[in-house]
$ cat data-v7.cif   # mmCIF, C-alpha atoms
data_target
loop_
_atom_site.label_atom_id
_atom_site.label_comp_id
_atom_site.auth_asym_id
_atom_site.auth_seq_id
_atom_site.Cartn_x
_atom_site.Cartn_y
_atom_site.Cartn_z
CA MET A 1 0.00 0.00 0.00
CA ARG A 2 1.07 3.59 -0.60
CA ILE A 3 0.52 5.86 2.37
CA ALA A 4 0.91 9.61 2.87
CA MET A 5 1.25 10.68 6.51
CA ILE A 6 0.49 14.37 7.02
CA GLY A 7 2.36 15.56 10.11
CA THR A 8 5.64 14.30 11.57
CA GLY A 9 4.88 14.89 15.22
CA TYR A 10 4.65 12.12 17.77
CA VAL A 11 1.72 10.25 16.20
CA GLY A 12 2.65 10.86 12.58
CA LEU A 13 6.30 9.86 12.83
CA VAL A 14 5.71 6.74 14.93
CA SER A 15 2.77 5.63 12.77
CA GLY A 16 4.60 6.34 9.53
CA ALA A 17 7.71 4.43 10.60
CA CYS A 18 5.64 1.46 11.81
CA PHE A 19 3.55 1.33 8.63
CA ALA A 20 6.78 1.35 6.63
CA ASP A 21 8.09 -1.47 8.79
CA PHE A 22 4.95 -3.43 7.84
CA GLY A 23 6.17 -3.19 4.24
CA HIS A 24 4.08 -0.27 2.99
CA ASP A 25 5.56 2.67 1.07
CA VAL A 26 5.18 5.70 3.33
CA THR A 27 5.86 9.38 2.74
CA CYS A 28 5.73 11.62 5.80
CA VAL A 29 4.85 15.24 5.02
CA ASP A 30 5.43 18.31 7.18
CA LYS A 31 5.45 22.05 6.45
CA ASP A 32 8.32 22.58 8.89
CA GLU A 33 11.34 22.64 6.59
CA ARG A 34 13.79 22.42 9.48
CA LYS A 35 12.11 19.29 10.81
CA ILE A 36 12.15 17.60 7.40
CA ALA A 37 15.79 18.58 6.87
CA ALA A 38 16.66 17.10 10.27
CA LEU A 39 14.83 13.87 9.41
CA HIS A 40 16.78 13.67 6.15
CA ARG A 41 19.94 13.86 8.27
CA GLY A 42 18.66 11.04 10.45
CA GLU A 43 17.86 13.32 13.41
CA ILE A 44 14.64 12.39 15.23
CA PRO A 45 12.79 15.43 16.67
CA ILE A 46 11.24 13.49 19.56
CA TYR A 47 12.59 11.03 22.09
CA GLU A 48 10.96 7.61 21.81
CA PRO A 49 12.92 4.41 22.54
CA GLY A 50 13.74 2.53 19.32
CA LEU A 51 12.31 5.14 16.95
CA ASP A 52 15.63 6.33 15.56
CA GLU A 53 16.64 2.77 14.59
CA LEU A 54 13.20 2.05 13.09
CA VAL A 55 13.26 5.22 10.98
CA ALA A 56 16.83 4.61 9.81
CA ALA A 57 16.10 0.99 8.80
CA ASN A 58 13.05 1.90 6.74
CA VAL A 59 14.68 4.91 5.10
CA LYS A 60 17.55 2.62 4.10
CA ALA A 61 15.04 0.10 2.71
CA LYS A 62 13.45 2.96 0.70
CA ARG A 63 10.03 2.37 2.28
CA LEU A 64 10.04 5.65 4.24
CA GLU A 65 10.75 9.15 3.00
CA PHE A 66 10.12 12.74 4.06
CA THR A 67 9.03 15.85 2.20
CA THR A 68 7.46 19.28 2.65
CA ASP A 69 5.30 18.97 -0.50
CA LEU A 70 2.20 16.83 -0.11
CA SER A 71 0.93 17.02 -3.71
CA LYS A 72 2.70 13.95 -5.18
CA PRO A 73 2.48 11.72 -2.09
CA VAL A 74 -1.27 12.44 -1.83
CA ALA A 75 -1.86 11.90 -5.56
CA ASP A 76 -0.07 8.53 -5.40
CA ALA A 77 -1.56 7.36 -2.10
CA ASP A 78 -4.09 4.64 -1.40
CA ALA A 79 -4.59 6.24 2.02
CA VAL A 80 -3.77 9.66 3.43
CA PHE A 81 -3.51 9.94 7.21
CA ILE A 82 -4.02 13.29 8.92
CA ALA A 83 -1.77 13.29 12.01
CA VAL A 84 -1.42 16.98 12.79
CA GLY A 85 -1.72 18.59 16.21
CA THR A 86 -5.04 19.30 17.92
CA PRO A 87 -3.96 21.36 20.95
CA SER A 88 -6.39 22.90 23.41
CA ARG A 89 -7.70 26.16 22.02
CA ARG A 90 -6.85 29.19 24.10
CA GLY A 91 -9.73 30.63 26.04
CA ASP A 92 -12.27 27.80 25.92
CA GLY A 93 -10.47 24.43 26.08
CA HIS A 94 -11.95 23.12 22.83
CA ALA A 95 -9.63 21.13 20.55
CA ASP A 96 -8.07 23.47 17.97
CA LEU A 97 -8.94 21.86 14.64
CA SER A 98 -7.45 24.53 12.39
CA TYR A 99 -4.50 22.31 11.43
CA VAL A 100 -6.79 19.37 10.63
CA TYR A 101 -9.07 21.47 8.43
CA ALA A 102 -6.16 23.17 6.66
CA ALA A 103 -4.65 19.73 5.92
CA ALA A 104 -8.01 18.47 4.59
CA LYS A 105 -8.30 21.39 2.19
CA GLU A 106 -4.75 20.95 0.90
CA ILE A 107 -5.18 17.19 0.56
CA ALA A 108 -8.38 17.68 -1.46
CA GLN A 109 -6.53 19.66 -4.10
CA SER A 110 -4.12 16.80 -4.81
CA LEU A 111 -6.35 13.72 -4.66
CA SER A 112 -6.19 11.39 -7.65
CA GLY A 113 -8.18 8.19 -8.01
CA PHE A 114 -9.91 6.43 -5.13
CA THR A 115 -8.34 7.44 -1.80
CA VAL A 116 -9.17 6.89 1.86
CA VAL A 117 -8.49 9.99 3.96
CA VAL A 118 -8.03 9.01 7.59
CA THR A 119 -8.12 11.23 10.69
CA LYS A 120 -5.40 9.83 12.96
CA SER A 121 -5.30 12.96 15.12
CA THR A 122 -7.48 12.98 18.22
CA VAL A 123 -10.53 14.96 17.12
CA PRO A 124 -13.97 15.75 18.58
CA VAL A 125 -16.99 13.78 17.49
CA GLY A 126 -18.20 15.04 14.13
CA THR A 127 -14.80 16.21 12.87
CA GLY A 128 -14.78 13.52 10.18
CA ASP A 129 -18.04 14.94 8.83
CA GLU A 130 -16.46 18.37 8.52
CA VAL A 131 -13.28 16.95 6.93
CA GLU A 132 -15.45 15.21 4.34
CA ARG A 133 -17.43 18.40 3.69
CA ILE A 134 -14.22 20.41 3.17
CA ILE A 135 -12.79 17.83 0.77
CA ARG A 136 -15.97 17.58 -1.31
CA GLU A 137 -16.39 21.35 -1.38
CA THR A 138 -12.76 21.87 -2.43
CA ASN A 139 -12.71 19.03 -4.96
CA PRO A 140 -16.24 17.91 -5.96
CA LYS A 141 -14.83 15.24 -8.30
CA ALA A 142 -12.76 13.54 -5.61
CA ASP A 143 -13.40 9.79 -5.20
CA VAL A 144 -12.80 9.69 -1.47
CA VAL A 145 -13.85 7.98 1.74
CA VAL A 146 -13.15 9.75 5.03
CA ALA A 147 -12.46 7.40 7.94
CA SER A 148 -11.46 7.73 11.59
CA ASN A 149 -8.57 5.67 12.98
CA PRO A 150 -7.70 6.96 16.46
CA GLU A 151 -4.32 6.14 17.96
CA PHE A 152 -3.79 4.54 21.37
CA LEU A 153 -0.03 4.89 21.74
CA ARG A 154 1.69 5.34 25.09
CA GLU A 155 4.72 7.59 24.95
CA GLY A 156 7.76 5.53 25.85
CA ALA A 157 6.16 2.32 24.53
CA ALA A 158 4.66 3.58 21.27
CA ILE A 159 6.32 1.18 18.83
CA ARG A 160 5.26 -1.89 20.77
CA ASP A 161 1.77 -0.45 21.20
CA PHE A 162 1.50 0.09 17.45
CA LYS A 163 2.72 -3.40 16.54
CA PHE A 164 0.94 -5.27 19.35
CA PRO A 165 -2.26 -3.25 19.91
CA ASP A 166 -5.15 -4.29 22.11
CA ARG A 167 -7.40 -3.26 19.23
CA VAL A 168 -7.40 -1.19 16.05
CA VAL A 169 -10.48 1.02 15.77
CA VAL A 170 -11.57 2.11 12.29
CA GLY A 171 -14.58 4.33 11.80
CA THR A 172 -16.15 3.92 8.36
CA SER A 173 -19.26 2.26 6.98
CA ASP A 174 -17.95 2.29 3.39
CA GLU A 175 -16.97 -1.16 2.11
CA ARG A 176 -14.17 0.18 -0.11
CA GLY A 177 -12.79 2.10 2.83
CA ARG A 178 -12.95 -0.98 5.04
CA LYS A 179 -11.01 -3.01 2.46
CA VAL A 180 -8.20 -0.44 2.20
CA MET A 181 -7.91 -0.11 5.97
CA GLY A 182 -8.01 -3.89 6.34
CA ASP A 183 -5.17 -4.22 3.84
CA ILE A 184 -3.10 -1.59 5.64
CA TYR A 185 -3.43 -3.36 8.98
CA ARG A 186 -3.28 -6.92 7.63
CA PRO A 187 0.30 -7.47 8.93
CA LEU A 188 -1.14 -7.24 12.45
CA SER A 189 -3.25 -10.36 11.87
CA LEU A 190 -0.23 -12.43 12.92
CA ASN A 191 -0.44 -10.69 16.30
CA GLN A 192 -4.17 -11.44 16.43
CA ALA A 193 -4.99 -7.77 16.94
CA PRO A 194 -8.75 -7.24 16.64
CA LEU A 195 -9.70 -4.83 13.86
CA MET A 196 -12.86 -3.13 15.09
CA PHE A 197 -15.00 -1.39 12.48
CA THR A 198 -17.57 1.14 13.68
CA GLU A 199 -19.39 4.20 12.44
CA ARG A 200 -17.09 7.20 12.11
CA ARG A 201 -18.55 9.19 15.02
CA THR A 202 -18.37 6.13 17.27
CA ALA A 203 -14.65 5.75 16.54
CA GLU A 204 -14.08 9.40 17.40
CA MET A 205 -15.96 8.93 20.68
CA ILE A 206 -14.03 5.76 21.59
CA LYS A 207 -10.76 7.68 21.73
CA TYR A 208 -12.06 10.37 24.10
CA ALA A 209 -13.94 7.89 26.27
CA ALA A 210 -10.83 5.70 26.65
CA ASN A 211 -8.60 8.58 27.71
CA ALA A 212 -11.21 9.99 30.09
CA PHE A 213 -11.64 6.59 31.74
CA LEU A 214 -7.89 6.09 32.22
CA ALA A 215 -7.57 9.61 33.63
CA THR A 216 -10.40 8.75 36.01
CA LYS A 217 -8.58 5.63 37.24
CA ILE A 218 -5.45 7.68 37.96
CA THR A 219 -7.39 10.37 39.80
CA PHE A 220 -9.39 7.81 41.78
CA ILE A 221 -6.30 6.06 43.14
CA ASN A 222 -4.70 9.44 43.93
CA GLU A 223 -7.68 10.38 46.09
CA ILE A 224 -7.56 6.94 47.75
CA ALA A 225 -3.86 7.62 48.39
CA ASP A 226 -4.70 10.82 50.25
CA LEU A 227 -7.18 8.95 52.42
CA SER A 228 -4.71 6.10 52.94
CA GLU A 229 -2.15 8.52 54.35
CA LYS A 230 -4.68 9.83 56.89
CA VAL A 231 -5.89 6.43 58.08
CA GLY A 232 -2.53 4.63 58.02
CA ALA A 233 -3.16 2.34 55.03
CA ASN A 234 -0.76 1.52 52.17
CA VAL A 235 -2.17 2.65 48.83
CA GLN A 236 0.11 0.32 46.84
CA GLU A 237 -1.38 -2.68 48.59
CA VAL A 238 -4.85 -1.19 48.20
CA ALA A 239 -4.24 -0.79 44.45
CA ARG A 240 -2.99 -4.34 44.17
CA GLY A 241 -5.94 -5.62 46.18
CA ILE A 242 -8.50 -3.98 43.95
CA GLY A 243 -6.53 -4.39 40.72
CA LEU A 244 -6.45 -8.18 40.99
CA ASP A 245 -10.20 -8.04 40.47
CA ASN A 246 -10.33 -8.53 36.70
CA ARG A 247 -13.32 -6.20 36.49
CA ILE A 248 -10.98 -3.39 37.59
CA GLY A 249 -7.51 -4.39 36.39
CA THR A 250 -4.09 -3.35 37.66
CA LYS A 251 -3.12 -0.71 35.10
CA PHE A 252 -3.33 3.04 35.79
CA LEU A 253 -3.67 2.47 39.54
CA HIS A 254 -0.33 3.95 40.52
CA ALA A 255 -0.64 6.86 42.94
CA GLY A 256 1.48 9.90 42.15
CA PRO A 257 1.52 13.65 41.55
CA GLY A 258 -1.27 13.64 38.95
CA PHE A 259 -1.48 12.93 35.23
CA GLY A 260 0.07 15.09 32.54
CA GLY A 261 1.30 14.73 28.97
CA SER A 262 -0.10 15.54 25.57
CA CYS A 263 -3.31 13.51 25.81
CA PHE A 264 -5.14 13.21 29.12
CA PRO A 265 -5.33 16.90 30.13
CA LYS A 266 -6.14 18.06 26.61
CA ASP A 267 -8.62 15.31 25.82
CA THR A 268 -10.53 15.51 29.11
CA LYS A 269 -10.95 19.25 28.56
CA ALA A 270 -12.10 18.70 24.99
CA LEU A 271 -14.59 15.98 26.00
CA ILE A 272 -16.12 18.29 28.60
CA LYS A 273 -16.49 21.03 25.98
CA ILE A 274 -18.07 18.62 23.49
CA ALA A 275 -20.58 17.57 26.14
CA GLN A 276 -21.40 21.19 26.97
CA ASP A 277 -22.06 21.89 23.28
CA TYR A 278 -24.67 19.10 23.36
CA ASP A 279 -26.10 20.20 26.73
CA VAL A 280 -24.74 17.13 28.53
CA SER A 281 -23.03 17.32 31.91
CA LEU A 282 -20.02 15.01 32.41
CA ARG A 283 -19.68 15.56 36.15
CA ILE A 284 -17.24 12.71 36.73
CA VAL A 285 -14.86 13.92 34.01
CA GLU A 286 -15.17 17.51 35.21
CA SER A 287 -14.22 16.40 38.72
CA VAL A 288 -11.29 14.35 37.41
CA LEU A 289 -9.85 17.41 35.68
CA ALA A 290 -10.34 19.70 38.67
CA VAL A 291 -8.89 17.23 41.19
CA ASN A 292 -5.88 16.57 38.99
CA GLU A 293 -5.06 20.25 38.56
CA ASN A 294 -5.30 20.90 42.28
CA ARG A 295 -3.16 17.88 43.07
CA LYS A 296 -0.12 19.01 41.10
CA ARG A 297 0.16 22.21 43.09
CA ALA A 298 -0.56 20.37 46.36
CA MET A 299 2.61 18.33 45.89
CA ALA A 300 4.65 21.48 46.64
CA ARG A 301 2.88 21.73 49.99
CA LYS A 302 3.79 18.10 50.65
CA VAL A 303 7.47 19.01 50.20
CA SER A 304 7.06 22.00 52.52
CA GLN A 305 5.53 19.81 55.22
CA ALA A 306 8.43 17.36 54.96
CA LEU A 307 10.77 20.28 55.73
CA GLY A 308 8.87 21.52 58.75
CA GLY A 309 6.34 23.75 57.04
CA SER A 310 8.64 26.34 55.46
CA LEU A 311 10.69 26.37 52.25
CA ARG A 312 12.07 29.88 52.63
CA GLY A 313 15.79 29.73 51.88
CA LYS A 314 15.74 25.94 51.36
CA THR A 315 17.24 24.12 48.38
CA VAL A 316 15.13 21.40 46.77
CA ALA A 317 16.52 18.87 44.28
CA VAL A 318 13.94 17.69 41.74
CA LEU A 319 14.64 14.37 40.02
CA GLY A 320 12.63 13.95 36.84
CA LEU A 321 10.86 16.66 34.87
CA THR A 322 9.04 14.96 31.98
CA PHE A 323 5.47 13.82 32.60
CA LYS A 324 6.55 10.16 32.46
CA PRO A 325 9.80 8.22 31.84
CA ASP A 326 11.15 7.31 28.39
CA THR A 327 9.96 10.55 26.78
CA ASP A 328 11.17 14.14 26.55
CA ASP A 329 7.58 15.43 26.61
CA MET A 330 7.01 18.31 29.05
CA ARG A 331 3.41 19.06 28.04
CA ASP A 332 1.30 19.48 31.18
CA ALA A 333 4.01 17.73 33.21
CA PRO A 334 3.30 17.65 36.97
CA SER A 335 6.82 19.01 37.51
CA ILE A 336 5.81 22.43 36.16
CA PRO A 337 3.21 23.42 38.81
CA LEU A 338 5.26 21.59 41.45
CA VAL A 339 8.43 23.56 40.73
CA THR A 340 6.47 26.79 40.36
CA GLY A 341 4.89 26.14 43.76
CA LEU A 342 8.28 25.42 45.36
CA ILE A 343 9.68 28.69 44.00
CA ASP A 344 6.59 30.62 45.17
CA MET A 345 7.23 29.26 48.67
CA GLY A 346 10.77 30.61 48.63
CA ALA A 347 12.76 27.52 47.67
CA LYS A 348 15.76 27.37 45.36
CA VAL A 349 15.26 24.53 42.89
CA ARG A 350 17.86 22.33 41.25
CA ALA A 351 16.76 19.70 38.74
CA PHE A 352 17.93 16.76 36.66
CA ASP A 353 16.16 14.73 34.00
CA PRO A 354 17.87 12.14 31.76
CA VAL A 355 16.43 13.48 28.46
CA GLY A 356 13.95 16.30 29.14
CA MET A 357 16.06 19.22 30.32
CA GLU A 358 16.28 21.07 27.01
CA GLN A 359 12.48 21.01 26.71
CA ALA A 360 12.13 21.91 30.39
CA LYS A 361 14.24 25.04 30.06
CA GLY A 362 11.50 26.69 28.04
CA GLU A 363 8.93 25.94 30.75
CA LEU A 364 11.13 26.42 33.83
CA PRO A 365 13.88 28.91 32.96
CA SER A 366 14.67 30.10 36.48
CA ILE A 367 15.95 26.87 38.05
CA THR A 368 19.42 25.29 38.06
CA TYR A 369 19.90 22.29 35.79
CA CYS A 370 22.40 19.61 36.85
CA GLU A 371 24.33 16.89 35.06
CA ASP A 372 23.20 13.94 37.18
CA ALA A 373 21.20 12.99 40.27
CA TYR A 374 24.15 13.31 42.65
CA SER A 375 25.23 16.79 41.56
CA CYS A 376 21.55 17.78 41.77
CA ALA A 377 21.40 16.60 45.39
CA GLN A 378 24.56 18.54 46.39
CA GLY A 379 23.65 20.75 49.36
CA ALA A 380 19.91 20.07 49.00
CA ASP A 381 17.58 20.16 51.97
CA ALA A 382 15.25 17.70 50.23
CA ILE A 383 15.10 15.49 47.14
CA VAL A 384 11.79 15.17 45.31
CA ILE A 385 11.36 12.24 42.91
CA VAL A 386 8.84 13.39 40.31
CA THR A 387 9.38 11.06 37.32
CA GLU A 388 10.09 7.36 37.80
CA TRP A 389 13.03 7.07 35.42
CA VAL A 390 14.84 3.74 35.77
CA GLN A 391 18.00 5.72 36.59
CA PHE A 392 16.39 6.82 39.87
CA ARG A 393 15.33 3.36 41.04
CA ALA A 394 18.69 2.25 42.46
CA LEU A 395 20.44 5.41 43.64
CA ASP A 396 23.41 5.12 46.02
CA LEU A 397 21.61 6.19 49.19
CA ASP A 398 24.79 6.61 51.25
CA ARG A 399 26.28 8.84 48.58
CA LEU A 400 23.10 10.91 48.41
CA LYS A 401 22.91 11.35 52.16
CA ALA A 402 26.56 12.40 52.39
CA THR A 403 26.10 15.18 49.83
CA MET A 404 22.78 16.60 51.12
CA ALA A 405 22.28 19.34 53.69
CA GLN A 406 19.38 17.37 55.19
CA PRO A 407 18.49 13.70 54.53
CA VAL A 408 14.91 14.29 53.38
CA VAL A 409 13.36 12.48 50.39
CA VAL A 410 9.85 13.09 49.06
CA ASP A 411 9.09 10.23 46.68
CA LEU A 412 6.05 11.12 44.59
CA ARG A 413 6.27 7.84 42.64
CA ASN A 414 6.72 5.37 45.53
CA ILE A 415 9.78 3.75 43.97
CA TYR A 416 11.51 3.11 47.32
CA ARG A 417 10.39 1.17 50.38
CA PRO A 418 9.84 3.21 53.55
CA GLU A 419 11.74 0.73 55.74
CA GLU A 420 14.70 0.80 53.34
CA MET A 421 14.87 4.60 53.44
CA ALA A 422 14.55 4.70 57.24
CA ALA A 423 17.37 2.17 57.57
CA ALA A 424 19.53 4.41 55.35
CA GLY A 425 18.91 7.35 57.69
CA PHE A 426 16.41 9.36 55.66
CA VAL A 427 13.25 11.19 56.54
CA TYR A 428 11.06 9.70 53.83
CA GLU A 429 7.67 10.83 52.53
CA SER A 430 5.81 9.00 49.79
CA VAL A 431 2.27 9.01 48.39
CA GLY A 432 -0.48 7.10 50.16
CA ARG A 433 1.84 5.31 52.60
CA PRO A 434 2.83 5.99 56.22
CA SER A 435 5.80 8.34 56.68
CA SER A 436 9.11 6.93 57.93
CA GLN A 437 12.22 8.40 59.44
CA ALA A 438 15.45 7.09 60.87
#
$ encode --input "data-v7.cif" --output "structure tokens"
Amino acid sequence: MRIAMIGTGYVGLVSGACFADFGHDVTCVDKDERKIAALHRGEIPIYEPGLDELVAANVKAKRLEFTTDLSKPVADADAVFIAVGTPSRRGDGHADLSYVYAAAKEIAQSLSGFTVVVTKSTVPVGTGDEVERIIRETNPKADVVVASNPEFLREGAAIRDFKFPDRVVVGTSDERGRKVMGDIYRPLSLNQAPLMFTERRTAEMIKYAANAFLATKITFINEIADLSEKVGANVQEVARGIGLDNRIGTKFLHAGPGFGGSCFPKDTKALIKIAQDYDVSLRIVESVLAVNENRKRAMARKVSQALGGSLRGKTVAVLGLTFKPDTDDMRDAPSIPLVTGLIDMGAKVRAFDPVGMEQAKGELPSITYCEDAYSCAQGADAIVIVTEWVQFRALDLDRLKATMAQPVVVDLRNIYRPEEMAAAGFVYESVGRPSSQA
């Protein structure tokens, strides 16, 4: 199959590289000339484990190429995927669809022969209808089917998620469109991935409903963690106890500083706005968003309490800045309101992240960036573990303690055991578990 992928952001680049690895001929298109030039040099604009090798292998095999001009790739394509950004619109929280609609109009001008145009971007229900209207208005002679194919990729595990998906959702009722999409995803039949065909609007809703439900699970266990701290329970054991019930499941039940990233905050906001447009109240989702936003800032107060209630003149070492490990994504990262809160309380902040510091500098310009965890801890009154990078899971505790001004650790990801930290001589605070100190 010949595929044109419009957009070389996270979704577009990962999807394009994986489709090429399936054996399809893929051209990734982006208007950003610097990004395309970098890709031609073999430089990957995002951090995703294994992506650089996957791109290089398929470029070498001549199955994957990059360009700024979509006209020929679209004219030659069996399927054109729209994978451009849909950020939250300033002022109202709706998804900004201007990039999607601009891409649809430009695609329409270059269509040749029967083509399936697929919205891969996360878009509100009904966007496919508008994309189809734009294409038919721009090019009335176009022989086109517009389908929805939402992505369910986790940053840090995106390649595996693409190749071994729980399901592939395709929204189209057109038989020709179903055949093309079935042919594109046929290589996944060896992995027994279910290909789920629905109406287009249903596919669009599935994506938002899935993200809202996962965000709800995270927020639920965070609130249970707060209660666990008050009553002397251990939230990790609570999560395991409820997660072993297969009606609930173990995933997304890890207490922490709140969810962030490019999907959950943006998509929960957009779903709420969609519901409001249809005069429907999503009270659970509204509460999830509000609780999560409050939680991120509350983590700074947790650090203050660990240091006796005042951060004035104290130095705090923050380990981990990205919203999750194995990505350089700082979008809506919990570290941003946490660090801002620490600074507002009078603390000096030092930070280290294995891959996210360049991106973090744009969000947090007034803190000191360090070369590793140990230099970050030098002279610190407290260490705060914000992102559960594997590099932070087996730190030399004696070395840390020797370099700190006070042996205080606030572990917002519960990666250490309280008894282990107490034995090492630390005052240790975690999330949803009893405090411990030497």
$ closest_atom_pairs --input "data-v7.cif" --of "stretch 219-276 of chain A" --to "stretch 140-161 of chain A" --cutoff "10 Å" --atoms "only C-alpha atoms" --output "Markdown table"
| residue | atom | partner | partner_atom | distance |
| --- | --- | --- | --- | --- |
| A:Gly261 | CA | A:Glu155 | CA | 8.9 |
| A:Ser262 | CA | A:Glu155 | CA | 9.3 |
| A:Cys263 | CA | A:Arg154 | CA | 9.6 |
$ residues_around --input "data-v7.cif" --residues "A:Gln359" --least-positions-apart "3" --cutoff "8 Å" --atoms "all atoms listed in the file" --output "list in words"
Asp328, Asp329, Met330, Gly356, Gly362 and Glu363 of chain A
$ write_last_selection --input "data-v7.cif" --atoms "C-alpha atoms" --output "mmCIF file, keeping the file's coordinate frame"
data_model
loop_
_atom_site.group_PDB
_atom_site.id
_atom_site.type_symbol
_atom_site.label_atom_id
_atom_site.label_comp_id
_atom_site.auth_asym_id
_atom_site.auth_seq_id
_atom_site.Cartn_x
_atom_site.Cartn_y
_atom_site.Cartn_z
ATOM 1 C CA ASP A 328 11.170 14.140 26.550
ATOM 2 C CA ASP A 329 7.580 15.430 26.610
ATOM 3 C CA MET A 330 7.010 18.310 29.050
ATOM 4 C CA GLY A 356 13.950 16.300 29.140
ATOM 5 C CA GLY A 362 11.500 26.690 28.040
ATOM 6 C CA GLU A 363 8.930 25.940 30.750
#
$ residues_near_point --input "data-v7.cif" --point "(-13.5, 14.4, -3.9)" --cutoff "10 Å" --atoms "only C-alpha atoms" --output "MDAnalysis selection string"
chainID A and resid 107:115 132:145
$ atom_distance --input "data-v7.cif" --atom1 "atom CA of A:Ala300" --atom2 "atom CA of A:Glu429"
12.5 Å
$ residues_around --input "data-v7.cif" --residues "A:Val117" --least-positions-apart "5" --cutoff "6 Å" --atoms "only C-alpha atoms" --output "PyMOL selection string"
chain A and resi 79-81+146
$ decode --input "data-v7.cif" --residues "stretch 422-435 of chain A" --atoms "C-alpha atoms" --output "CSV table (one decimal), in the first residue's frame"
chain,number,residue,atom,x,y,z
A,422,ALA,CA,14.6,4.7,57.2
A,423,ALA,CA,17.4,2.2,57.6
A,424,ALA,CA,19.5,4.4,55.3
A,425,GLY,CA,18.9,7.3,57.7
A,426,PHE,CA,16.4,9.4,55.7
A,427,VAL,CA,13.3,11.2,56.5
A,428,TYR,CA,11.1,9.7,53.8
A,429,GLU,CA,7.7,10.8,52.5
A,430,SER,CA,5.8,9.0,49.8
A,431,VAL,CA,2.3,9.0,48.4
A,432,GLY,CA,-0.5,7.1,50.2
A,433,ARG,CA,1.8,5.3,52.6
A,434,PRO,CA,2.8,6.0,56.2
A,435,SER,CA,5.8,8.3,56.7
